[in-house]
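This is query-v8.csv. It holds CSV, C-alpha atoms and all ligand atoms.
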```
chain,number,residue,atom,x,y,z
A,1,MET,CA,37.3,-15.2,13.6
A,2,ASN,CA,39.6,-13.2,15.8
A,3,ILE,CA,39.6,-12.7,19.5
A,4,LEU,CA,41.3,-10.2,21.7
A,5,ILE,CA,42.0,-11.4,25.2
A,6,VAL,CA,42.5,-8.5,27.6
A,7,ASP,CA,44.0,-9.5,31.0
A,8,ASP,CA,47.0,-8.4,33.0
A,9,ASP,CA,47.5,-12.0,34.1
A,10,ALA,CA,49.8,-13.4,31.5
A,11,ASN,CA,49.0,-17.0,32.6
A,12,ALA,CA,45.3,-16.5,32.2
A,13,ARG,CA,45.9,-15.0,28.7
A,14,LYS,CA,48.1,-17.9,27.6
A,15,THR,CA,45.7,-20.7,28.9
A,16,LEU,CA,42.6,-19.2,27.3
A,17,GLY,CA,44.5,-18.3,24.1
A,18,LYS,CA,45.9,-21.8,23.6
A,19,ILE,CA,42.5,-23.4,23.8
A,20,LEU,CA,40.8,-20.9,21.5
A,21,LYS,CA,43.7,-21.2,19.0
A,22,ALA,CA,43.2,-25.0,19.0
A,23,LYS,CA,39.5,-24.3,18.1
A,24,GLY,CA,40.7,-22.3,15.1
A,25,TYR,CA,40.4,-18.7,16.3
A,26,ASP,CA,43.0,-16.1,15.7
A,27,ILE,CA,44.2,-14.7,19.1
A,28,GLU,CA,45.7,-11.4,20.1
A,29,GLU,CA,46.5,-10.4,23.6
A,30,ALA,CA,46.5,-7.1,25.5
A,31,ALA,CA,48.0,-6.8,29.0
A,32,SER,CA,46.4,-3.5,29.8
A,33,GLY,CA,43.3,-1.4,29.2
A,34,ALA,CA,45.2,1.1,27.1
A,35,GLU,CA,46.8,-1.6,24.9
A,36,ALA,CA,43.3,-3.2,24.4
A,37,VAL,CA,41.7,0.1,23.4
A,38,SER,CA,44.5,0.8,21.0
A,39,LYS,CA,44.4,-2.6,19.4
A,40,ALA,CA,40.6,-2.6,19.0
A,41,GLY,CA,40.9,0.9,17.5
A,42,GLU,CA,43.1,-0.5,14.7
A,43,LYS,CA,41.0,-3.4,13.6
A,44,PHE,CA,37.8,-5.3,14.0
A,45,PHE,CA,37.6,-8.1,16.5
A,46,ASN,CA,34.8,-10.6,16.5
A,47,ILE,CA,35.2,-11.0,20.2
A,48,VAL,CA,36.9,-9.1,22.9
A,49,ALA,CA,37.2,-10.9,26.3
A,50,ILE,CA,37.9,-8.3,29.0
A,51,ASP,CA,39.1,-8.9,32.6
A,52,VAL,CA,37.0,-6.8,34.9
A,53,ARG,CA,40.0,-5.6,36.8
A,54,LEU,CA,42.9,-4.2,34.9
A,55,PRO,CA,45.8,-2.2,36.4
A,56,ASP,CA,45.2,1.0,34.4
A,57,LYS,CA,41.5,1.1,33.5
A,58,SER,CA,38.4,-0.6,34.7
A,59,GLY,CA,37.0,-3.4,32.4
A,60,LEU,CA,33.9,-1.2,32.0
A,61,GLU,CA,35.9,1.7,30.5
A,62,VAL,CA,37.6,-0.7,28.1
A,63,LEU,CA,34.2,-2.1,27.2
A,64,GLU,CA,32.8,1.4,26.4
A,65,ALA,CA,35.8,2.4,24.4
A,66,VAL,CA,35.7,-0.8,22.3
A,67,ARG,CA,31.9,-0.6,21.8
A,68,LYS,CA,32.2,3.0,20.5
A,69,ASN,CA,34.5,1.8,17.7
A,70,ASN,CA,32.4,-1.2,16.7
A,71,GLU,CA,28.9,-2.2,17.5
A,72,GLU,CA,29.1,-5.7,16.1
A,73,THR,CA,32.0,-6.8,18.4
A,74,ILE,CA,30.9,-9.3,21.0
A,75,LEU,CA,32.1,-8.2,24.4
A,76,ILE,CA,32.6,-10.8,27.1
A,77,MET,CA,33.7,-9.9,30.7
A,78,MET,CA,36.0,-12.2,32.7
A,79,THR,CA,35.4,-11.9,36.4
A,80,GLY,CA,36.2,-13.3,39.8
A,81,TYR,CA,33.3,-14.1,42.1
A,82,ALA,CA,34.2,-11.0,44.1
A,83,SER,CA,33.4,-8.7,41.3
A,84,LEU,CA,30.3,-10.3,39.8
A,85,ASP,CA,28.4,-7.0,40.4
A,86,SER,CA,30.5,-5.1,37.9
A,87,SER,CA,30.0,-7.9,35.3
A,88,ILE,CA,26.3,-7.5,35.7
A,89,GLU,CA,26.7,-3.7,35.2
A,90,ALA,CA,28.8,-4.4,32.2
A,91,MET,CA,26.0,-6.5,30.7
A,92,ASN,CA,23.7,-3.6,31.2
A,93,LYS,CA,26.1,-1.5,29.2
A,94,GLY,CA,26.2,-3.9,26.3
A,95,ALA,CA,28.5,-6.8,27.2
A,96,TYR,CA,27.2,-10.0,25.8
A,97,SER,CA,28.0,-12.2,28.8
A,98,TYR,CA,30.6,-12.9,31.4
A,99,ILE,CA,32.8,-15.9,32.3
A,100,THR,CA,33.9,-16.5,35.9
A,101,LYS,CA,37.5,-16.9,37.0
A,102,PRO,CA,39.2,-19.2,37.6
A,103,LEU,CA,38.2,-20.1,34.0
A,104,ASN,CA,36.2,-23.2,33.4
A,105,MET,CA,37.3,-23.8,29.8
A,106,GLU,CA,34.2,-25.7,28.7
A,107,GLN,CA,31.9,-23.0,30.0
A,108,ALA,CA,34.1,-20.3,28.4
A,109,LEU,CA,34.1,-22.0,25.0
A,110,ALA,CA,30.3,-22.5,25.1
A,111,ILE,CA,29.8,-18.8,25.8
A,112,ILE,CA,32.2,-17.7,23.1
A,113,GLU,CA,30.6,-20.0,20.6
A,114,LYS,CA,27.2,-18.7,21.4
A,115,GLY,CA,28.4,-15.2,21.1
A,116,VAL,CA,30.0,-15.9,17.7
A,117,GLU,CA,26.7,-17.4,16.5
A,118,LYS,CA,24.7,-14.4,17.7
A,119,GLN,CA,27.1,-12.1,15.9
A,120,ARG,CA,26.8,-14.0,12.7
A,121,LEU,CA,23.0,-13.8,12.9
A,122,SER,CA,23.1,-10.1,13.7
A,123,ILE,CA,25.4,-9.3,10.8
A,124,GLU,CA,23.4,-11.5,8.4
A,125,ASN,CA,20.1,-9.8,9.5
A,126,LYS,CA,21.6,-6.4,8.9
A,127,ARG,CA,22.8,-7.5,5.5
A,128,LEU,CA,19.3,-8.9,4.6
A,129,LEU,CA,17.6,-5.8,5.9
A,130,LYS,CA,19.9,-3.6,3.7
A,131,GLU,CA,19.2,-5.8,0.7
A,132,LEU,CA,15.5,-5.6,1.3
A,133,THR,CA,15.5,-1.9,1.8
A,134,GLU,CA,17.5,-1.4,-1.5
A,135,ALA,CA,15.2,-3.8,-3.4
A,136,ASN,CA,12.2,-2.0,-2.0
A,137,GLU,CA,13.6,1.4,-3.1
A,138,SER,CA,14.3,0.2,-6.6
A,139,LEU,CA,10.8,-1.4,-6.8
A,140,LYS,CA,9.3,1.9,-5.7
A,141,GLU,CA,11.3,3.7,-8.4
A,142,MET,CA,10.3,1.3,-11.1
A,143,ASP,CA,6.6,1.5,-10.0
A,144,ALA,CA,6.7,5.3,-10.2
A,145,ARG,CA,8.3,5.1,-13.7
A,146,LYS,CA,5.6,2.6,-14.7
A,147,SER,CA,2.8,4.9,-13.5
A,148,ALA,CA,4.4,7.8,-15.3
A,149,PHE,CA,4.6,5.7,-18.5
A,150,VAL,CA,0.9,4.6,-18.2
A,151,ALA,CA,-0.1,8.2,-17.6
A,152,ASN,CA,1.9,9.5,-20.6
A,153,VAL,CA,0.6,6.8,-22.9
A,154,SER,CA,-3.0,7.2,-21.8
A,155,HIS,CA,-2.7,10.9,-22.2
A,156,GLU,CA,-1.3,10.6,-25.7
A,157,PHE,CA,-4.2,8.2,-26.6
A,158,LYS,CA,-6.9,10.5,-25.5
A,159,ASN,CA,-6.6,13.3,-28.1
A,160,PRO,CA,-6.6,11.1,-31.3
A,161,LEU,CA,-9.4,9.0,-29.9
A,162,ALA,CA,-11.5,12.1,-29.3
A,163,VAL,CA,-10.8,13.2,-32.8
A,164,ILE,CA,-11.9,9.8,-34.3
A,165,LYS,CA,-15.0,9.9,-32.2
A,166,GLU,CA,-15.9,13.4,-33.4
A,167,SER,CA,-15.2,12.4,-37.0
A,168,LEU,CA,-17.5,9.4,-36.7
A,169,SER,CA,-20.2,11.6,-35.0
A,170,ILE,CA,-20.0,14.0,-37.9
A,171,ILE,CA,-20.5,11.3,-40.5
A,172,ILE,CA,-23.2,9.5,-38.6
A,173,GLU,CA,-25.2,12.7,-38.2
A,174,GLY,CA,-24.9,13.3,-41.9
A,175,LEU,CA,-23.0,16.5,-41.6
A,176,ALA,CA,-20.4,15.4,-44.1
A,177,GLY,CA,-23.0,14.2,-46.7
A,178,ASP,CA,-25.5,11.4,-46.7
A,179,ILE,CA,-24.6,7.8,-45.7
A,180,GLY,CA,-25.5,5.2,-48.3
A,181,SER,CA,-27.2,2.6,-46.2
A,182,THR,CA,-28.5,1.8,-42.7
A,183,LYS,CA,-26.0,-0.9,-42.6
A,184,GLN,CA,-23.2,1.5,-43.1
A,185,LYS,CA,-24.6,3.7,-40.3
A,186,ASP,CA,-24.9,0.7,-38.0
A,187,ILE,CA,-21.2,-0.1,-38.6
A,188,LEU,CA,-20.2,3.4,-37.9
A,189,SER,CA,-22.3,3.5,-34.8
A,190,ALA,CA,-20.7,0.3,-33.5
A,191,ALA,CA,-17.3,1.8,-34.2
A,192,LYS,CA,-18.3,5.0,-32.3
A,193,SER,CA,-19.4,3.1,-29.2
A,194,ASN,CA,-16.2,1.1,-29.2
A,195,ILE,CA,-14.2,4.3,-29.4
A,196,GLU,CA,-16.2,5.6,-26.5
A,197,ARG,CA,-15.3,2.5,-24.5
A,198,LEU,CA,-11.7,3.0,-25.3
A,199,ILE,CA,-11.9,6.6,-24.2
A,200,ARG,CA,-13.4,5.5,-20.9
A,201,LEU,CA,-10.7,2.9,-20.4
A,202,VAL,CA,-7.9,5.3,-21.2
A,203,THR,CA,-9.5,7.9,-18.8
A,204,ASP,CA,-9.6,5.3,-16.1
A,205,LEU,CA,-6.0,4.4,-16.6
A,206,LEU,CA,-5.0,8.0,-16.5
A,207,ASP,CA,-7.0,8.6,-13.3
A,208,ILE,CA,-5.5,5.6,-11.6
A,209,SER,CA,-1.9,6.6,-12.5
A,210,LYS,CA,-2.6,10.1,-11.3
A,211,ILE,CA,-4.0,8.8,-8.1
A,212,GLU,CA,-1.0,6.6,-7.6
A,213,ALA,CA,1.4,9.4,-8.2
A,214,GLY,CA,-0.7,11.6,-5.8
A,215,LYS,CA,-1.3,14.0,-8.7
A,216,MET,CA,-5.0,13.9,-9.0
A,217,GLU,CA,-6.0,17.5,-9.3
A,218,MET,CA,-9.1,18.7,-7.6
A,219,ARG,CA,-11.1,21.7,-8.9
A,220,ARG,CA,-13.5,22.3,-6.1
A,221,GLU,CA,-16.5,24.6,-6.2
A,222,ASN,CA,-19.9,24.9,-4.7
A,223,PHE,CA,-22.6,23.2,-6.7
A,224,ASP,CA,-26.0,21.6,-6.3
A,225,ILE,CA,-25.5,17.9,-6.3
A,226,ALA,CA,-29.2,17.2,-6.8
A,227,ILE,CA,-29.1,18.9,-10.1
A,228,LEU,CA,-26.0,17.0,-11.1
A,229,VAL,CA,-27.6,13.7,-10.3
A,230,SER,CA,-30.7,14.5,-12.3
A,231,GLU,CA,-28.6,15.6,-15.3
A,232,ILE,CA,-26.6,12.3,-15.2
A,233,LEU,CA,-29.8,10.2,-14.9
A,234,ASP,CA,-31.3,12.0,-17.9
A,235,ASN,CA,-28.4,10.8,-20.0
A,236,TYR,CA,-29.1,7.2,-19.0
A,237,LYS,CA,-32.8,7.1,-20.1
A,238,GLY,CA,-32.0,5.4,-23.4
A,239,GLU,CA,-29.7,2.8,-21.9
A,240,LEU,CA,-32.2,2.0,-19.1
A,241,ALA,CA,-35.0,1.6,-21.6
A,242,LYS,CA,-32.9,-0.6,-23.8
A,243,LYS,CA,-32.3,-3.0,-20.9
A,244,GLU,CA,-35.8,-2.6,-19.6
A,245,ILE,CA,-34.5,-1.6,-16.3
A,246,SER,CA,-36.9,0.6,-14.3
A,247,LEU,CA,-35.4,3.6,-12.4
A,248,LYS,CA,-36.6,4.5,-8.9
A,249,LYS,CA,-35.6,8.0,-8.0
A,250,ASP,CA,-35.6,9.5,-4.5
A,251,ILE,CA,-33.7,12.7,-4.8
A,252,ARG,CA,-34.5,15.3,-2.2
A,253,GLU,CA,-34.4,18.6,-3.9
A,254,ASN,CA,-33.4,20.6,-0.8
A,255,VAL,CA,-30.1,18.8,-0.2
A,256,GLY,CA,-28.3,22.0,-1.1
A,257,ALA,CA,-24.8,22.7,-2.2
A,258,ILE,CA,-21.6,20.8,-1.8
A,259,TRP,CA,-18.1,22.0,-2.0
A,260,ALA,CA,-16.4,19.4,-4.2
A,261,ASP,CA,-14.9,18.7,-7.7
A,262,ARG,CA,-18.0,18.5,-9.9
A,263,ASP,CA,-16.4,16.4,-12.6
A,264,LYS,CA,-14.9,13.9,-10.2
A,265,ILE,CA,-18.1,13.5,-8.2
A,266,SER,CA,-20.0,12.9,-11.4
A,267,GLU,CA,-17.4,10.3,-12.4
A,268,VAL,CA,-18.1,8.5,-9.1
A,269,ILE,CA,-21.8,8.5,-9.7
A,270,ILE,CA,-21.4,7.4,-13.3
A,271,ASN,CA,-19.1,4.5,-12.3
A,272,LEU,CA,-21.7,3.3,-9.8
A,273,LEU,CA,-24.5,3.8,-12.2
A,274,ASN,CA,-22.7,2.0,-15.0
A,275,ASN,CA,-22.1,-1.0,-12.7
A,276,ALA,CA,-25.7,-1.1,-11.5
A,277,ILE,CA,-27.0,-1.2,-15.1
A,278,LYS,CA,-24.2,-3.5,-16.3
A,279,TYR,CA,-24.6,-6.1,-13.6
A,280,THR,CA,-28.4,-6.0,-13.3
A,281,PRO,CA,-30.2,-8.5,-15.6
A,282,ALA,CA,-32.8,-7.1,-18.0
A,283,GLY,CA,-36.1,-6.3,-16.4
A,284,GLY,CA,-34.5,-5.4,-13.1
A,285,GLU,CA,-34.7,-2.2,-11.1
A,286,VAL,CA,-32.1,0.4,-10.2
A,287,GLY,CA,-32.7,2.9,-7.4
A,288,VAL,CA,-31.0,6.2,-6.8
A,289,LYS,CA,-31.3,8.1,-3.6
A,290,LEU,CA,-29.8,11.3,-2.4
A,291,ILE,CA,-30.4,12.7,1.0
A,292,ALA,CA,-28.8,15.2,3.4
A,293,LYS,CA,-28.1,14.4,7.0
A,294,GLU,CA,-26.7,17.2,9.1
A,295,ASN,CA,-23.5,18.2,7.3
A,296,ASN,CA,-23.3,15.0,5.2
A,297,LEU,CA,-24.7,14.0,1.9
A,298,TYR,CA,-25.7,10.4,1.4
A,299,PHE,CA,-25.9,9.0,-2.1
A,300,GLU,CA,-27.1,5.5,-2.7
A,301,ILE,CA,-27.4,3.3,-5.8
A,302,SER,CA,-29.2,0.0,-5.4
A,303,ASP,CA,-29.8,-2.7,-8.0
A,304,THR,CA,-31.4,-6.1,-8.3
A,305,GLY,CA,-28.3,-7.7,-9.8
A,306,PRO,CA,-26.4,-10.7,-8.4
A,307,GLY,CA,-25.1,-8.8,-5.3
A,308,ILE,CA,-21.7,-8.8,-3.8
A,309,PRO,CA,-20.6,-11.9,-1.7
A,310,GLU,CA,-19.3,-11.0,1.8
A,311,GLU,CA,-15.7,-11.9,1.0
A,312,TYR,CA,-15.6,-9.4,-2.0
A,313,LYS,CA,-17.1,-6.4,-0.3
A,314,GLU,CA,-13.7,-4.8,0.4
A,315,LYS,CA,-11.8,-6.4,-2.4
A,316,ILE,CA,-13.9,-5.0,-5.3
A,317,PHE,CA,-12.6,-1.5,-4.3
A,318,ASP,CA,-9.0,-2.7,-5.1
A,319,LYS,CA,-7.5,-2.2,-8.6
A,320,PHE,CA,-8.4,-4.9,-11.2
A,321,GLU,CA,-10.4,-7.0,-8.7
A,322,ARG,CA,-13.5,-8.4,-10.4
A,323,ILE,CA,-16.0,-11.1,-9.5
A,324,THR,CA,-15.7,-13.1,-12.6
A,325,THR,CA,-18.6,-15.4,-12.5
A,326,GLU,CA,-20.1,-13.9,-15.6
A,327,LYS,CA,-18.2,-12.7,-18.6
A,328,ILE,CA,-19.2,-9.0,-18.5
A,329,GLU,CA,-16.8,-6.5,-19.9
A,330,GLY,CA,-14.8,-4.3,-17.6
A,331,THR,CA,-11.3,-3.6,-16.3
A,332,GLY,CA,-11.9,-3.4,-12.6
A,333,LEU,CA,-10.9,0.2,-12.2
A,334,GLY,CA,-14.4,1.9,-11.8
A,335,LEU,CA,-14.7,1.2,-8.0
A,336,PRO,CA,-11.1,1.9,-7.0
A,337,ILE,CA,-11.3,5.3,-8.8
A,338,ALA,CA,-14.6,6.0,-7.1
A,339,LYS,CA,-13.1,5.2,-3.7
A,340,ASP,CA,-10.1,7.4,-4.2
A,341,ILE,CA,-12.2,10.3,-5.3
A,342,VAL,CA,-14.6,9.9,-2.4
A,343,GLU,CA,-11.7,9.7,0.0
A,344,LEU,CA,-10.0,12.8,-1.5
A,345,HIS,CA,-13.2,14.5,-0.4
A,346,LYS,CA,-12.9,13.1,3.1
A,347,GLY,CA,-15.9,10.9,2.4
A,348,ARG,CA,-16.5,7.1,2.7
A,349,ILE,CA,-17.8,4.5,0.2
A,350,TRP,CA,-19.0,1.0,0.8
A,351,VAL,CA,-21.4,-1.7,-0.4
A,352,GLU,CA,-24.2,-3.4,1.3
A,353,SER,CA,-25.5,-6.7,0.0
A,354,PRO,CA,-27.9,-8.5,-0.1
A,355,LEU,CA,-30.5,-5.8,-0.2
A,356,GLN,CA,-32.7,-7.8,2.1
A,357,GLN,CA,-32.7,-11.4,3.5
A,358,GLY,CA,-34.3,-14.2,1.6
A,359,LEU,CA,-33.8,-12.9,-2.0
A,360,PRO,CA,-33.2,-15.6,-4.6
A,361,ALA,CA,-29.6,-16.3,-5.7
A,362,GLY,CA,-28.5,-14.1,-8.6
A,363,ARG,CA,-30.9,-11.4,-7.6
A,364,GLN,CA,-29.6,-10.5,-4.1
A,365,GLY,CA,-29.0,-7.0,-5.2
A,366,SER,CA,-26.5,-4.5,-3.9
A,367,ARG,CA,-26.5,-1.0,-2.5
A,368,PHE,CA,-23.5,1.2,-3.1
A,369,ILE,CA,-23.4,4.1,-0.7
A,370,PHE,CA,-21.1,7.1,-0.4
A,371,VAL,CA,-21.2,9.8,2.2
A,372,LEU,CA,-19.6,13.2,1.6
A,373,PRO,CA,-19.1,16.0,4.1
A,374,ARG,CA,-20.8,19.0,2.6
A,375,ASP,CA,-17.7,21.1,3.0
A,376,PHE,CA,-14.6,19.4,4.6
A,377,ARG,CA,-12.5,22.6,4.8
A,378,GLY,CA,-11.3,23.2,8.3
A,379,LYS,CA,-11.5,19.5,9.1
A,380,ASN,CA,-7.7,19.3,9.4
A,381,THR,CA,-6.9,18.4,5.9
A,382,SER,CA,-3.9,19.1,3.8
A,383,ARG,CA,-5.4,18.5,0.4
A,401,LIG,N1,-23.7,-3.3,-8.9
A,401,LIG,C1,-22.9,-4.4,-8.9
A,401,LIG,N2,-23.5,-5.7,-8.8
A,401,LIG,C2,-22.7,-6.8,-8.9
A,401,LIG,N3,-21.4,-6.8,-8.9
A,401,LIG,C3,-20.8,-5.6,-9.0
A,401,LIG,C4,-21.5,-4.3,-9.0
A,401,LIG,N4,-20.6,-3.3,-9.1
A,401,LIG,C5,-19.4,-3.9,-9.1
A,401,LIG,N5,-19.5,-5.2,-9.1
A,401,LIG,C6,-18.4,-6.2,-9.1
A,401,LIG,O1,-17.2,-5.5,-8.7
A,401,LIG,C7,-16.2,-5.6,-9.7
A,401,LIG,C8,-15.4,-4.3,-9.7
A,401,LIG,O2,-16.2,-3.2,-10.2
A,401,LIG,P1,-15.5,-2.1,-11.0
A,401,LIG,O3,-16.5,-1.0,-11.4
A,401,LIG,O4,-14.3,-1.6,-10.2
A,401,LIG,O5,-14.9,-2.7,-12.3
A,401,LIG,P2,-15.6,-3.3,-13.6
A,401,LIG,O6,-17.0,-2.8,-13.6
A,401,LIG,O7,-15.4,-4.7,-13.7
A,401,LIG,O8,-14.8,-2.6,-14.7
A,401,LIG,P3,-14.7,-1.0,-15.1
A,401,LIG,O9,-15.6,-0.3,-14.1
A,401,LIG,O10,-13.2,-0.6,-14.9
A,401,LIG,O11,-15.1,-0.9,-16.5
A,401,LIG,C9,-16.9,-5.9,-11.0
A,401,LIG,O12,-16.1,-6.6,-11.9
A,401,LIG,C10,-18.1,-6.7,-10.4
A,401,LIG,O13,-17.6,-8.1,-10.3
A,402,MG,MG,-17.4,-0.7,-13.3
```

Show me, as structure tokens, the structure contained in the file I just sent.
Ligand SMILES: Nc1ncnc2c1ncn2[C@@H]1O[C@H](COP(=O)(O)OP(=O)(O)OP(=O)(O)O)[C@@H](O)[C@H]1O
Ligand SMILES: [Mg+2]
Amino acid sequence: MNILIVDDDANARKTLGKILKAKGYDIEEAASGAEAVSKAGEKFFNIVAIDVRLPDKSGLEVLEAVRKNNEETILIMMTGYASLDSSIEAMNKGAYSYITKPLNMEQALAIIEKGVEKQRLSIENKRLLKELTEANESLKEMDARKSAFVANVSHEFKNPLAVIKESLSIIIEGLAGDIGSTKQKDILSAAKSNIERLIRLVTDLLDISKIEAGKMEMRRENFDIAILVSEILDNYKGELAKKEISLKKDIRENVGAIWADRDKISEVIINLLNNAIKYTPAGGEVGVKLIAKENNLYFEISDTGPGIPEEYKEKIFDKFERITTEKIEGTGLGLPIAKDIVELHKGRIWVESPLQQGLPAGRQGSRFIFVLPRDFRGKNTSR
């Protein structure tokens, strides 16, 4: 800890210097403003104590010159009562404090020690902030590398999986010759449905990493969303029948066209539909509703499943968040992907649950709703 005492009064310098030395500080002296500025330009001082009145420069000028060289230096003005005003001005210009002359040593020491402590904290804070910023940067870089890795691996998985699935389909359909027994066929079918599950998972991982990297590509076009919904629902007939879930459709045919990415929007609908069927117990009901209101399209999937507890209504849209009361397969990526896609279309998605008051536990039901602007172009968007 070193202190520069700037005062034209040699006695004052000596007295203060002696006491500070006794406290373990290194002391240097300057008898004029010019000497002070030159010394402070050569090295760092923890503290510079400046007499307000110097023969060559004002204390304020010295203060400004020293401050310019080093912003961590603690500047303390020394002043007689007559020039208190200029000390206050000095504090406005960045002095830490002032001590009055004639010097009260106890008071002077207390101020200097407080100044030293403040400086220590400030330097420590800056160091921590720098460390945090650096750590944060390197975390971001590692995260980006991890996302790129997941994206590459998922991508590499997709083609071979698709080939295996195709091969299995060909064998199951008998296009490569007859299959010996129903048992063999069942085994192959089970293999195929597992491959399909893997493909879905890998597609989800690929989607998530693209979204994270901001590289989700949108291929937008005008299409009739009512037709899309009907096509999707047709594909689910078998699955709904197998689980004895009845489907209640309310699709207005005149909703018209939407300007959006057809594949991505169908992914959203499929993710919601999969959930509704997956989480609704056999014998339940799933409702699908599509209506237009002004320039927005409202899509709604309701079910008679367990519903979503209040505290999970936002969370389930985060990656890997699942309500794990039951052991039902899933990764926790369906909803976050749906949310990202909807938001990339300047829309909104949320869940309402229970369906109505007074439903029995386990059958409270939920209603997932998303709203999309029919055409968001021109709504100040960059994507
Ligand atoms: N219709 C629903 N009824 C009850 N719970 C639901 C419903 N939809 C989603 N959830 C809850 O929200 C969680 C997150 O859903 P999400 O679709 O993101 O993941 P997942 O279905 O578990 O797995 P994935 O979709 O990746 O295969 C689910 O695990 C489930 O707990
Ligand atoms: Mg899901």

Quiz item: Which residues, written as a PyMOL selection string, have at least one atom at most 12 Å from range 55-67 of chain A, with all atoms listed in the file counted and residues fewer than 4 positions away on the same chain left out?
Solution: chain A and resi 4-9+30-51+71-79+83+85-98

Which protein, DNA or RNA residues have an atom within 8 Å of ligand MG 402 (chain A), counting all atoms listed in the file, as a PDB file with C-alpha atoms, in the coordinates of the input?
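Result file is result.pdb:
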```
ATOM      1  CA  ASN A 271     -19.100   4.500 -12.300  1.00  0.00           C
ATOM      2  CA  LEU A 272     -21.700   3.300  -9.800  1.00  0.00           C
ATOM      3  CA  ASN A 274     -22.700   2.000 -15.000  1.00  0.00           C
ATOM      4  CA  ASN A 275     -22.100  -1.000 -12.700  1.00  0.00           C
ATOM      5  CA  LYS A 278     -24.200  -3.500 -16.300  1.00  0.00           C
ATOM      6  CA  GLY A 330     -14.800  -4.300 -17.600  1.00  0.00           C
ATOM      7  CA  THR A 331     -11.300  -3.600 -16.300  1.00  0.00           C
ATOM      8  CA  GLY A 332     -11.900  -3.400 -12.600  1.00  0.00           C
ATOM      9  CA  LEU A 333     -10.900   0.200 -12.200  1.00  0.00           C
ATOM     10  CA  GLY A 334     -14.400   1.900 -11.800  1.00  0.00           C
ATOM     11  CA  LEU A 335     -14.700   1.200  -8.000  1.00  0.00           C
TER      12      LEU A 335
END
```

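Of the listed residues A:Lys242, A:Glu196, A:Arg219, A:Val255, the one whose atoms come nearest to ligand LIG 401 (chain A) is A:Glu196, with distances taken using all atoms listed in the file.
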
Practice problem: May I ask which of the residues A:Ala110, A:Ile170, A:Ile208, A:Ala176 is the closest one to Ala151 in chain A, counting all atoms listed in the file? | Solution: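 Among A:Ala110, A:Ile170, A:Ile208, A:Ala176, it is A:Ile208 that comes nearest to Ala151 in chain A.
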
Quiz prompt | Close residues, Arg200 in chain A itself excluded, 10 Å, all atoms listed in the file, min 5 positions apart in chain, as an MDAnalysis selection string | solution = chainID A and resid 158 194:195 205:206 334

Quiz item: When you draw a straight line from CA of Ala276 in chain A to CA of Asp224 in chain A, how long is it in Å?
Solution: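 These atoms are spaced 23.3 Å apart.
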
Self-check item: ligand LIG 401 (chain A) neighbours within 8 Å using only C-alpha atoms and all ligand atoms, as a PyMOL selection string
Solution: chain A and resi 200-201+204+271-280+302-308+312+316-325+328-337+365-368

Self-check item: Given only C-alpha atoms as the counted atoms, nearest of A:Ile123, A:Ala257, A:Leu175, A:Ile164 to Ile199 in chain A
Solution: A:Ile164

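In this structure, CA of Ser169 in chain A sits 15.5 Å away from CA of Leu198 in chain A.
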
Quiz item: Can you tell me, as a VMD selection string, which residues sit within 8 Å of (-12.7, 16.7, 3.2) in the file's frame, using all atoms listed in the file?
Solution: chain A and resid 343 to 347 372 to 373 375 to 377 379 381

Practice problem: For Glu244 in chain A, please output as an MDAnalysis selection string all residues within 12 Å (counting only C-alpha atoms; exclusion window: fewer than 6 positions along the same chain). | Solution: chainID A and resid 236:238 277 280:286

Practice problem: Grab the CA of Thr15 in chain A to CA of Met105 in chain A distance for me, in Å with one decimal place. | Solution: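 Answer for the CA of Thr15 in chain A to CA of Met105 in chain A separation: 9.0 Å.
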
Quiz item: Within 7 Å of (-17.9, 6.3, 2.3), in the coordinates the file gives, what residues turn up when you count all atoms listed in the file, written out as a list in words?
Solution: Val342, Gly347, Arg348, Ile349, Trp350, Ile369, Phe370 and Val371 of chain A

List the spatial neighbours of Glu166 in chain A as a compact mmCIF listing (two decimals) with C-alpha atoms, keeping the file's coordinate frame - criterion: any atom at most 12 Å away, all atoms listed in the file, same-chain residues fewer than 5 positions off excluded.
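part.txt, freshly written:
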```txt
# COMPACT_ATOMS: atom_id res chain seq x y z
CA ASN A 159 -6.60 13.30 -28.10
CA PRO A 160 -6.60 11.10 -31.30
CA LEU A 161 -9.40 9.00 -29.90
CA ILE A 171 -20.50 11.30 -40.50
CA ILE A 172 -23.20 9.50 -38.60
CA GLU A 173 -25.20 12.70 -38.20
CA LEU A 175 -23.00 16.50 -41.60
CA ALA A 176 -20.40 15.40 -44.10
CA LEU A 188 -20.20 3.40 -37.90
CA SER A 189 -22.30 3.50 -34.80
CA ALA A 191 -17.30 1.80 -34.20
CA LYS A 192 -18.30 5.00 -32.30
CA SER A 193 -19.40 3.10 -29.20
CA ILE A 195 -14.20 4.30 -29.40
CA GLU A 196 -16.20 5.60 -26.50
```

Practice problem: Would you kindly return, as a list in words, each protein, DNA or RNA residue with an atom no farther than 10 Å from any atom of Glu221 in chain A, considering all atoms listed in the file and excluding same-chain residues fewer than 5 positions away? | Solution: Ala257, Ile258, Trp259, Ala260, Asp261, Arg262 and Asp375 of chain A
